[in-house]
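Shown here: query-v8.txt, compact mmCIF, C-alpha atoms and all ligand atoms.
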```txt
# COMPACT_ATOMS: atom_id res chain seq x y z
CA MET A 1 7.61 -48.56 -25.64
CA THR A 2 6.25 -51.00 -28.26
CA THR A 3 2.65 -52.03 -27.70
CA ALA A 4 1.26 -55.37 -28.90
CA ASN A 5 -0.86 -53.56 -31.52
CA GLY A 6 2.14 -51.66 -32.82
CA LEU A 7 4.12 -54.89 -33.06
CA ILE A 8 1.37 -56.60 -35.05
CA GLN A 9 1.03 -53.61 -37.36
CA SER A 10 4.74 -53.46 -38.12
CA ARG A 11 4.80 -57.22 -38.82
CA VAL A 12 1.83 -56.87 -41.22
CA GLU A 13 3.52 -53.99 -43.02
CA ALA A 14 6.75 -55.95 -43.33
CA TRP A 15 4.83 -58.93 -44.70
CA GLN A 16 3.02 -56.73 -47.23
CA LYS A 17 6.32 -55.27 -48.34
CA THR A 18 8.13 -58.56 -48.74
CA HIS A 19 5.31 -60.83 -49.93
CA PHE A 20 2.03 -59.16 -50.85
CA ARG A 21 3.24 -56.32 -53.11
CA PRO A 22 5.55 -58.46 -55.27
CA LEU A 23 2.76 -61.03 -55.61
CA ARG A 24 0.26 -58.35 -56.55
CA ASN A 25 2.64 -56.87 -59.16
CA LEU A 26 3.32 -60.32 -60.55
CA ALA A 27 -0.41 -61.03 -60.81
CA ALA A 28 -1.02 -57.69 -62.54
CA ALA A 29 1.78 -58.36 -65.03
CA ALA A 30 0.46 -61.86 -65.70
CA ALA A 31 -3.06 -60.50 -66.20
CA THR A 32 -1.76 -57.94 -68.71
CA ASP A 33 0.14 -60.64 -70.52
CA ILE A 34 -2.85 -63.02 -70.60
CA TYR A 35 -5.04 -60.19 -71.88
CA SER A 36 -2.55 -59.39 -74.64
CA GLU A 37 -2.30 -63.05 -75.62
CA ALA A 38 -6.11 -63.16 -75.76
CA LYS A 39 -5.90 -60.45 -78.41
CA PHE A 40 -3.92 -62.76 -80.72
CA ASP A 41 -6.23 -64.25 -83.33
CA GLY A 42 -3.86 -66.38 -85.41
CA ARG A 43 -6.38 -67.53 -88.04
CA VAL A 44 -5.64 -67.53 -91.76
CA MET A 45 -8.62 -66.97 -94.02
CA SER A 46 -9.47 -67.10 -97.71
CA GLN A 47 -11.28 -64.11 -99.21
CA GLU A 48 -14.64 -65.93 -98.94
CA GLN A 49 -14.01 -66.94 -95.31
CA PHE A 50 -12.99 -63.43 -94.36
CA ILE A 51 -16.08 -61.85 -95.96
CA ALA A 52 -18.28 -64.41 -94.15
CA TYR A 53 -16.52 -63.51 -90.87
CA CYS A 54 -17.10 -59.79 -91.56
CA ARG A 55 -20.82 -60.47 -92.10
CA GLU A 56 -20.93 -62.09 -88.63
CA LEU A 57 -19.14 -59.12 -87.06
CA ARG A 58 -21.50 -56.67 -88.79
CA ALA A 59 -24.62 -58.62 -87.79
CA GLY A 60 -23.48 -58.55 -84.14
CA ASP A 61 -22.46 -54.86 -84.27
CA LYS A 62 -19.06 -56.05 -83.01
CA LEU A 63 -17.00 -53.27 -84.62
CA LEU A 64 -19.34 -50.33 -84.13
CA PRO A 65 -16.96 -48.02 -82.21
CA VAL A 66 -14.34 -48.40 -84.99
CA GLN A 67 -13.96 -45.25 -87.08
CA THR A 68 -10.88 -45.77 -89.25
CA VAL A 69 -9.15 -48.58 -91.11
CA VAL A 70 -5.48 -47.92 -91.82
CA VAL A 71 -3.38 -49.28 -94.69
CA HIS A 72 0.24 -50.27 -93.91
CA HIS A 73 3.02 -52.12 -95.67
CA THR A 74 5.56 -54.38 -93.96
CA ALA A 75 8.39 -52.69 -95.94
CA THR A 76 9.97 -56.15 -96.30
CA ALA A 77 9.44 -58.51 -99.22
CA GLU A 78 7.07 -61.42 -98.70
CA SER A 79 9.85 -63.72 -99.99
CA SER A 80 11.70 -63.24 -96.68
CA TYR A 81 9.18 -65.52 -94.94
CA VAL A 82 7.90 -67.58 -97.82
CA ASN A 83 9.32 -70.80 -96.34
CA GLN A 84 7.00 -70.57 -93.31
CA THR A 85 3.34 -71.39 -93.12
CA LEU A 86 1.27 -68.24 -92.74
CA THR A 87 0.28 -69.46 -89.27
CA GLN A 88 3.99 -69.55 -88.29
CA THR A 89 4.53 -66.13 -89.82
CA LEU A 90 1.62 -64.72 -87.84
CA ARG A 91 3.06 -66.10 -84.59
CA ASN A 92 6.53 -64.73 -85.43
CA PHE A 93 5.11 -61.28 -86.15
CA TRP A 94 3.05 -61.36 -82.94
CA ASN A 95 6.06 -62.38 -80.87
CA TYR A 96 8.08 -59.61 -82.48
CA TYR A 97 5.50 -56.96 -81.52
CA ARG A 98 4.84 -58.39 -78.06
CA ARG A 99 8.26 -59.64 -76.94
CA THR A 100 10.79 -57.66 -78.93
CA LYS A 101 8.94 -54.36 -79.02
CA GLY A 102 6.98 -54.90 -75.80
CA TRP A 103 3.72 -53.64 -77.29
CA SER A 104 0.36 -54.69 -75.80
CA GLY A 105 -0.86 -55.67 -79.28
CA GLY A 106 -0.15 -55.32 -82.98
CA PRO A 107 -1.69 -54.63 -86.37
CA HIS A 108 -4.88 -56.56 -87.08
CA SER A 109 -3.90 -58.34 -90.25
CA LEU A 110 -0.97 -59.55 -92.28
CA ILE A 111 -1.99 -59.79 -95.91
CA MET A 112 0.00 -62.06 -98.21
CA SER A 113 -0.16 -63.11 -101.86
CA ARG A 114 -0.73 -66.81 -101.17
CA GLU A 115 -4.17 -68.37 -100.92
CA PRO A 116 -5.57 -68.34 -98.27
CA GLY A 117 -3.70 -65.11 -97.61
CA ILE A 118 -5.58 -63.03 -95.05
CA GLY A 119 -3.88 -63.59 -91.70
CA LEU A 120 -5.55 -62.28 -88.55
CA LEU A 121 -3.03 -61.01 -86.04
CA ASN A 122 -4.50 -58.70 -83.36
CA SER A 123 -8.16 -59.72 -82.96
CA LEU A 124 -10.47 -57.41 -84.91
CA LEU A 125 -12.59 -57.24 -81.74
CA TYR A 126 -9.93 -55.20 -79.91
CA ASP A 127 -7.89 -52.08 -80.53
CA GLY A 128 -4.34 -52.97 -81.54
CA ILE A 129 -1.02 -51.14 -81.87
CA HIS A 130 -0.28 -50.08 -85.42
CA CYS A 131 -0.63 -46.32 -85.81
CA ALA A 132 0.76 -44.00 -83.11
CA GLY A 133 -1.85 -41.47 -81.99
CA ASN A 134 -4.62 -43.35 -83.80
CA ASN A 135 -4.81 -46.76 -82.14
CA THR A 136 -8.12 -46.15 -80.38
CA ASN A 137 -11.12 -47.28 -82.44
CA SER A 138 -9.01 -48.02 -85.50
CA ARG A 139 -8.03 -51.21 -87.29
CA GLY A 140 -4.86 -51.75 -89.32
CA GLY A 141 -3.82 -54.14 -92.05
CA GLU A 142 -0.22 -54.72 -93.14
CA VAL A 143 0.21 -55.61 -96.77
CA CYS A 144 3.35 -57.72 -97.22
CA GLY A 145 5.88 -55.95 -99.40
CA ASN A 146 7.48 -52.58 -99.95
CA PHE A 147 5.44 -50.15 -102.04
CA THR A 148 8.01 -47.38 -102.30
CA SER A 149 8.50 -47.96 -106.03
CA VAL A 150 6.03 -50.73 -106.96
CA LEU A 151 2.32 -51.27 -106.39
CA PRO A 152 0.71 -54.39 -104.93
CA SER A 153 -0.67 -56.63 -107.68
CA GLY A 154 -2.22 -60.04 -108.35
CA HIS A 155 -3.43 -62.13 -105.40
CA LEU A 156 -1.73 -59.79 -102.93
CA LEU A 157 -3.76 -56.86 -104.22
CA ASP A 158 -7.00 -58.91 -104.29
CA ASN A 159 -6.47 -60.12 -100.71
CA ALA A 160 -5.64 -56.59 -99.52
CA VAL A 161 -8.73 -55.11 -101.20
CA VAL A 162 -10.92 -57.79 -99.56
CA PHE A 163 -9.37 -57.22 -96.12
CA PHE A 164 -9.93 -53.46 -96.17
CA ALA A 165 -13.39 -53.60 -97.80
CA GLY A 166 -14.47 -56.41 -95.45
CA THR A 167 -13.31 -54.55 -92.33
CA LEU A 168 -15.10 -51.36 -93.42
CA TYR A 169 -18.22 -53.46 -94.04
CA ALA A 170 -17.93 -55.22 -90.65
CA GLY A 171 -17.85 -51.86 -88.87
CA LYS A 172 -20.65 -50.31 -90.99
CA MET A 173 -18.15 -47.69 -92.17
CA THR A 174 -18.08 -45.85 -95.50
CA ILE A 175 -15.09 -45.74 -97.86
CA ASP A 176 -14.13 -42.40 -96.26
CA ALA A 177 -13.00 -44.31 -93.14
CA LEU A 178 -10.14 -45.83 -95.16
CA LYS A 179 -6.81 -44.09 -94.40
CA TYR A 180 -3.11 -44.79 -94.87
CA HIS A 181 -0.48 -44.66 -92.14
CA ARG A 182 1.37 -41.57 -93.40
CA MET A 183 -1.78 -39.46 -93.00
CA TYR A 184 -0.98 -39.58 -89.28
CA GLY A 185 2.64 -38.53 -89.83
CA GLY A 186 6.09 -39.75 -88.92
CA THR A 187 6.43 -42.62 -91.37
CA ALA A 188 7.01 -43.53 -95.01
CA CYS A 189 4.39 -46.31 -94.64
CA PRO A 190 2.71 -47.55 -96.87
CA GLY A 191 5.29 -46.41 -99.48
CA ASN A 192 5.51 -43.52 -101.94
CA LYS A 193 4.15 -45.43 -104.91
CA LEU A 194 1.02 -46.58 -103.07
CA VAL A 195 0.49 -43.10 -101.57
CA ALA A 196 0.82 -41.55 -105.07
CA ASN A 197 -1.80 -44.05 -106.35
CA TRP A 198 -4.08 -43.74 -103.33
CA ALA A 199 -7.18 -42.81 -105.40
CA TRP A 200 -6.71 -45.97 -107.48
CA PHE A 201 -6.39 -48.21 -104.41
CA LYS A 202 -9.29 -46.52 -102.59
CA GLY A 203 -11.43 -46.96 -105.75
CA LEU A 204 -10.77 -50.71 -105.76
CA VAL A 205 -11.70 -51.01 -102.07
CA SER A 206 -14.82 -48.88 -102.64
CA ALA A 207 -15.98 -51.11 -105.52
CA LYS A 208 -15.40 -54.24 -103.41
CA LEU A 209 -17.31 -52.70 -100.49
CA ASP A 210 -20.26 -52.03 -102.83
CA GLU A 211 -20.02 -55.60 -104.12
CA ILE A 212 -20.09 -57.06 -100.59
CA ILE A 213 -23.13 -54.93 -99.70
CA ALA A 214 -24.92 -55.86 -102.96
CA SER A 215 -24.38 -59.58 -102.31
CA GLU A 216 -26.13 -59.53 -98.93
CA THR A 217 -28.85 -62.17 -98.78
CA PRO A 218 -32.18 -60.41 -98.23
CA PRO A 219 -33.70 -61.12 -94.82
CA ASP A 220 -36.59 -63.59 -94.62
CA PRO A 221 -39.97 -61.86 -94.74
CA PRO A 222 -41.39 -61.59 -91.23
CA ASP A 223 -44.03 -64.12 -90.16
CA PRO A 224 -47.54 -62.72 -90.73
CA THR A 225 -49.08 -61.19 -87.64
CA LEU A 226 -52.30 -62.62 -86.20
CA GLU A 227 -54.17 -59.63 -87.60
CA GLU A 228 -52.77 -60.26 -91.10
CA ARG A 229 -53.77 -63.94 -90.93
CA VAL A 230 -57.32 -63.05 -89.81
CA THR A 231 -57.59 -60.60 -92.73
CA GLU A 232 -56.34 -63.30 -95.12
CA LEU A 233 -58.87 -65.85 -93.78
CA GLU A 234 -61.68 -63.28 -94.03
CA GLY A 235 -60.73 -62.77 -97.68
CA GLN A 236 -60.93 -66.52 -98.28
CA VAL A 237 -64.35 -66.75 -96.54
CA SER A 238 -65.65 -63.83 -98.63
CA ALA A 239 -64.43 -65.56 -101.85
CA LEU A 240 -66.25 -68.75 -100.76
CA ASP A 241 -69.44 -66.74 -100.09
CA GLU A 242 -69.28 -65.37 -103.65
CA SER A 243 -68.88 -68.88 -105.05
CA VAL A 244 -71.89 -70.12 -103.04
CA THR A 245 -73.99 -67.17 -104.32
CA MET A 246 -72.97 -67.95 -107.91
CA LEU A 247 -73.89 -71.62 -107.47
CA GLU A 248 -77.27 -70.66 -105.96
CA ASP A 249 -77.94 -68.39 -108.96
CA ARG A 250 -77.12 -71.23 -111.37
CA VAL A 251 -79.36 -73.67 -109.46
CA ALA A 252 -82.20 -71.10 -109.62
CA ALA A 253 -81.60 -70.66 -113.36
CA LEU A 254 -81.66 -74.43 -113.89
CA GLU A 255 -84.86 -74.74 -111.83
CA GLY A 256 -86.40 -72.03 -114.06
CA ALA A 257 -85.36 -73.98 -117.14
CA VAL A 258 -86.86 -77.18 -115.72
CA ALA A 259 -90.13 -75.33 -114.93
CA ASN A 260 -90.20 -73.96 -118.50
CA LEU A 261 -89.68 -77.44 -119.87
CA ALA A 262 -92.51 -78.79 -117.67
CA ALA A 263 -94.82 -76.00 -118.81
CA TRP A 264 -93.85 -76.64 -122.41
CA GLN A 265 -94.57 -80.37 -121.97
CA THR A 266 -97.99 -79.62 -120.42
CA THR A 267 -98.80 -77.41 -123.41
CA ALA A 268 -97.60 -80.10 -125.80
CA ASP A 269 -99.70 -82.75 -123.99
CA SER A 270 -102.82 -80.61 -124.16
CA ARG A 271 -102.18 -79.98 -127.86
CA ILE A 272 -101.87 -83.71 -128.49
CA VAL A 273 -105.18 -84.25 -126.66
CA SER A 274 -106.80 -81.49 -128.76
CA LEU A 275 -105.39 -82.98 -131.96
CA GLU A 276 -106.63 -86.46 -131.04
CA SER A 277 -110.14 -85.23 -130.21
CA TRP A 278 -110.15 -83.20 -133.42
CA ARG A 279 -109.20 -86.30 -135.42
CA GLU A 280 -111.88 -88.36 -133.68
CA GLU A 281 -114.43 -85.71 -134.65
CA ARG A 282 -113.25 -85.80 -138.28
CA GLU A 283 -113.00 -89.56 -138.51
CA PRO A 284 -115.70 -91.10 -136.26
CA ASP A 285 -115.61 -94.88 -135.89
CA GLY A 286 -112.02 -94.94 -136.98
CA LYS A 287 -112.84 -94.44 -140.71
ZN ZN B 301 2.37 -48.43 -91.11
```

For the structure just supplied, provide its representation as structure tokens.
Amino acid sequence: MTTANGLIQSRVEAWQKTHFRPLRNLAAAAATDIYSEAKFDGRVMSQEQFIAYCRELRAGDKLLPVQTVVVHHTATAESSYVNQTLTQTLRNFWNYYRRTKGWSGGPHSLIMSREPGIGLLNSLLYDGIHCAGNNTNSRGGEVCGNFTSVLPSGHLLDNAVVFFAGTLYAGKMTIDALKYHRMYGGTACPGNKLVANWAWFKGLVSAKLDEIIASETPPDPPDPTLEERVTELEGQVSALDESVTMLEDRVAALEGAVANLAAWQTTADSRIVSLESWREEREPDGK
């Protein structure tokens, strides 16, 4: 026999099955998608702009959990997308990772030879997808080109060096945090030639990291504390006291000189009187 409660319960369960669960799954999928889209940066920066951005990130400790920065190559020549703006290229790459591959993110930068040439793909604020087994607390930059038999050069090399040095700087990492994809296995990335010349590339990034650190503007000196200001004022008062004492000494010295002069004049007057009386004695009646 079906009770009223049982009837209600079965209706609720049926409703959950037909309406609530699909809605909930849809909402969860949408939330995941929105979150992934929020990870897309899409900005293109010059070397100067990127270094300035890295200074902001460093000042806010925004990249502190990050422990490695990984070098990749795209394995395709930059000329294959040279007819697009870098902004379009960034969107195309993002769509490829998100839609075609179905990843929740991508590498953090696409580095090209043009100026400005540092494209930000997956926000540096979030972990991306670029290095299987090492995506947590790592950041990855893809240098456009294939470095199996050639090395990056010119603007491309300069932009790459700035991206990797800037990201290390932003996360307060040392040069030892710089890695290349093949260190984690299962790939030819970033190409035999670049791997064979790793010490050279790492040296360039290290020098740039030192340069970025050396060009930090020194912080403003802190405002003096109340105690320091009181000490400073006391010093000024003490200097004034010394000046007053010196002036008093000089006044006393001058007064002494005036008294000497007065005494000298009195002596001179009395001598004149003596001389006059002596003359009168010698020449009575004015003769
Ligand atoms: Zn790679």

*Counting only C-alpha atoms, find the residues whose atoms lie at most 8 Å from (-10.3, -45.9, -101.5) (file coordinates) and write them out as a ChimeraX atom specification.*
/A:175-176,178,198-206

Quick one: residues within 6 Å of ligand ZN 301 (chain B), with all atoms listed in the file, as a PDB file with C-alpha atoms, in the coordinates of the input?
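Dumped everything to pocket-v6.pdb:
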```
ATOM      1  CA  HIS A  72       0.240 -50.270 -93.910  1.00  0.00           C
ATOM      2  CA  HIS A  73       3.020 -52.120 -95.670  1.00  0.00           C
ATOM      3  CA  HIS A 181      -0.480 -44.660 -92.140  1.00  0.00           C
ATOM      4  CA  CYS A 189       4.390 -46.310 -94.640  1.00  0.00           C
ATOM      5  CA  PRO A 190       2.710 -47.550 -96.870  1.00  0.00           C
TER       6      PRO A 190
END
```

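Interatomic distance, CA of Met45 (chain A) against CA of Leu121 (chain A): 11.4 Å.
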
*A:Leu275, A:Leu120, A:Met112, A:Ala27: which is nearest Thr76 (chain A), counting all atoms listed in the file?*
A:Met112

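Shortest separation to Gln84 (chain A) among A:Leu233, A:Leu168, A:Gly186, A:Arg114 occurs at residue A:Arg114, atoms counted being all atoms listed in the file.
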
*Counting only C-alpha atoms, write as a PyMOL selection string all protein and nucleic acid residues lying at most 10 Å from (-10.9, -66.6, -95.0) in the file's frame.*
chain A and resi 43-54+115-120+159+162-163

*Write out as a PyMOL selection string which residues come within 10 Å of Val66 (chain A) when counting all atoms listed in the file, dropping same-chain ones fewer than 5 positions away.*
chain A and resi 124-127+136-139+167-168+170-173+177

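Interatomic distance, CA of Trp103 (chain A) against CA of Asn122 (chain A): 11.4 Å.
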
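In this structure, CA of Ser104 (chain A) sits 7.2 Å away from CA of Ile129 (chain A).
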
Please produce region 89-117 of chain A, completed to N, CA and C atoms, as a PDB file, keeping the file's coordinate frame.
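Just written: out-v2.pdb:
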```pdb
ATOM      1  N   THR A  89       4.174 -67.532 -89.592  1.00  0.00           N
ATOM      2  CA  THR A  89       4.530 -66.130 -89.820  1.00  0.00           C
ATOM      3  C   THR A  89       3.748 -65.220 -88.881  1.00  0.00           C
ATOM      4  N   LEU A  90       2.453 -65.527 -88.732  1.00  0.00           N
ATOM      5  CA  LEU A  90       1.620 -64.720 -87.840  1.00  0.00           C
ATOM      6  C   LEU A  90       2.164 -64.756 -86.422  1.00  0.00           C
ATOM      7  N   ARG A  91       2.535 -65.954 -85.953  1.00  0.00           N
ATOM      8  CA  ARG A  91       3.060 -66.100 -84.590  1.00  0.00           C
ATOM      9  C   ARG A  91       4.387 -65.341 -84.450  1.00  0.00           C
ATOM     10  N   ASN A  92       5.229 -65.434 -85.482  1.00  0.00           N
ATOM     11  CA  ASN A  92       6.530 -64.730 -85.430  1.00  0.00           C
ATOM     12  C   ASN A  92       6.328 -63.221 -85.359  1.00  0.00           C
ATOM     13  N   PHE A  93       5.390 -62.719 -86.168  1.00  0.00           N
ATOM     14  CA  PHE A  93       5.110 -61.280 -86.150  1.00  0.00           C
ATOM     15  C   PHE A  93       4.574 -60.859 -84.780  1.00  0.00           C
ATOM     16  N   TRP A  94       3.648 -61.680 -84.244  1.00  0.00           N
ATOM     17  CA  TRP A  94       3.050 -61.360 -82.940  1.00  0.00           C
ATOM     18  C   TRP A  94       4.112 -61.320 -81.855  1.00  0.00           C
ATOM     19  N   ASN A  95       4.994 -62.337 -81.873  1.00  0.00           N
ATOM     20  CA  ASN A  95       6.060 -62.380 -80.870  1.00  0.00           C
ATOM     21  C   ASN A  95       6.999 -61.175 -81.006  1.00  0.00           C
ATOM     22  N   TYR A  96       7.231 -60.780 -82.250  1.00  0.00           N
ATOM     23  CA  TYR A  96       8.080 -59.610 -82.480  1.00  0.00           C
ATOM     24  C   TYR A  96       7.456 -58.362 -81.845  1.00  0.00           C
ATOM     25  N   TYR A  97       6.159 -58.139 -82.083  1.00  0.00           N
ATOM     26  CA  TYR A  97       5.500 -56.960 -81.520  1.00  0.00           C
ATOM     27  C   TYR A  97       5.411 -57.036 -79.990  1.00  0.00           C
ATOM     28  N   ARG A  98       5.056 -58.245 -79.505  1.00  0.00           N
ATOM     29  CA  ARG A  98       4.840 -58.390 -78.060  1.00  0.00           C
ATOM     30  C   ARG A  98       6.141 -58.483 -77.270  1.00  0.00           C
ATOM     31  N   ARG A  99       7.033 -59.380 -77.734  1.00  0.00           N
ATOM     32  CA  ARG A  99       8.260 -59.640 -76.940  1.00  0.00           C
ATOM     33  C   ARG A  99       9.364 -58.655 -77.267  1.00  0.00           C
ATOM     34  N   THR A 100       9.660 -58.511 -78.551  1.00  0.00           N
ATOM     35  CA  THR A 100      10.790 -57.660 -78.930  1.00  0.00           C
ATOM     36  C   THR A 100      10.468 -56.192 -78.693  1.00  0.00           C
ATOM     37  N   LYS A 101       9.297 -55.775 -79.167  1.00  0.00           N
ATOM     38  CA  LYS A 101       8.940 -54.360 -79.020  1.00  0.00           C
ATOM     39  C   LYS A 101       8.233 -54.056 -77.709  1.00  0.00           C
ATOM     40  N   GLY A 102       7.657 -55.098 -77.084  1.00  0.00           N
ATOM     41  CA  GLY A 102       6.980 -54.900 -75.800  1.00  0.00           C
ATOM     42  C   GLY A 102       5.639 -54.194 -75.922  1.00  0.00           C
ATOM     43  N   TRP A 103       5.025 -54.269 -77.119  1.00  0.00           N
ATOM     44  CA  TRP A 103       3.720 -53.640 -77.290  1.00  0.00           C
ATOM     45  C   TRP A 103       2.618 -54.525 -76.690  1.00  0.00           C
ATOM     46  N   SER A 104       1.478 -53.910 -76.362  1.00  0.00           N
ATOM     47  CA  SER A 104       0.360 -54.690 -75.800  1.00  0.00           C
ATOM     48  C   SER A 104      -0.474 -55.331 -76.915  1.00  0.00           C
ATOM     49  N   GLY A 105      -0.116 -55.067 -78.161  1.00  0.00           N
ATOM     50  CA  GLY A 105      -0.860 -55.670 -79.280  1.00  0.00           C
ATOM     51  C   GLY A 105      -0.110 -55.392 -80.563  1.00  0.00           C
ATOM     52  N   GLY A 106      -0.803 -55.544 -81.689  1.00  0.00           N
ATOM     53  CA  GLY A 106      -0.150 -55.320 -82.980  1.00  0.00           C
ATOM     54  C   GLY A 106      -1.157 -54.914 -84.029  1.00  0.00           C
ATOM     55  N   PRO A 107      -0.741 -54.874 -85.295  1.00  0.00           N
ATOM     56  CA  PRO A 107      -1.690 -54.630 -86.370  1.00  0.00           C
ATOM     57  C   PRO A 107      -2.699 -55.792 -86.444  1.00  0.00           C
ATOM     58  N   HIS A 108      -3.811 -55.563 -87.104  1.00  0.00           N
ATOM     59  CA  HIS A 108      -4.880 -56.560 -87.080  1.00  0.00           C
ATOM     60  C   HIS A 108      -4.741 -57.645 -88.148  1.00  0.00           C
ATOM     61  N   SER A 109      -3.999 -57.330 -89.208  1.00  0.00           N
ATOM     62  CA  SER A 109      -3.900 -58.340 -90.250  1.00  0.00           C
ATOM     63  C   SER A 109      -2.563 -58.275 -90.950  1.00  0.00           C
ATOM     64  N   LEU A 110      -2.133 -59.453 -91.418  1.00  0.00           N
ATOM     65  CA  LEU A 110      -0.970 -59.550 -92.280  1.00  0.00           C
ATOM     66  C   LEU A 110      -1.496 -60.148 -93.586  1.00  0.00           C
ATOM     67  N   ILE A 111      -1.375 -59.377 -94.658  1.00  0.00           N
ATOM     68  CA  ILE A 111      -1.990 -59.790 -95.910  1.00  0.00           C
ATOM     69  C   ILE A 111      -0.897 -60.241 -96.875  1.00  0.00           C
ATOM     70  N   MET A 112      -1.032 -61.499 -97.343  1.00  0.00           N
ATOM     71  CA  MET A 112       0.000 -62.060 -98.210  1.00  0.00           C
ATOM     72  C   MET A 112      -0.584 -62.422 -99.561  1.00  0.00           C
ATOM     73  N   SER A 113       0.304 -62.837-100.497  1.00  0.00           N
ATOM     74  CA  SER A 113      -0.160 -63.110-101.860  1.00  0.00           C
ATOM     75  C   SER A 113      -0.642 -64.550-102.017  1.00  0.00           C
ATOM     76  N   ARG A 114      -0.314 -65.408-101.057  1.00  0.00           N
ATOM     77  CA  ARG A 114      -0.730 -66.810-101.170  1.00  0.00           C
ATOM     78  C   ARG A 114      -2.227 -66.942-100.899  1.00  0.00           C
ATOM     79  N   GLU A 115      -2.744 -68.138-101.148  1.00  0.00           N
ATOM     80  CA  GLU A 115      -4.170 -68.370-100.920  1.00  0.00           C
ATOM     81  C   GLU A 115      -4.330 -69.580-100.006  1.00  0.00           C
ATOM     82  N   PRO A 116      -4.954 -69.534 -98.835  1.00  0.00           N
ATOM     83  CA  PRO A 116      -5.570 -68.340 -98.270  1.00  0.00           C
ATOM     84  C   PRO A 116      -4.500 -67.354 -97.772  1.00  0.00           C
ATOM     85  N   GLY A 117      -4.764 -66.068 -97.905  1.00  0.00           N
ATOM     86  CA  GLY A 117      -3.700 -65.110 -97.610  1.00  0.00           C
ATOM     87  C   GLY A 117      -4.037 -64.002 -96.644  1.00  0.00           C
TER      88      GLY A 117
END
```
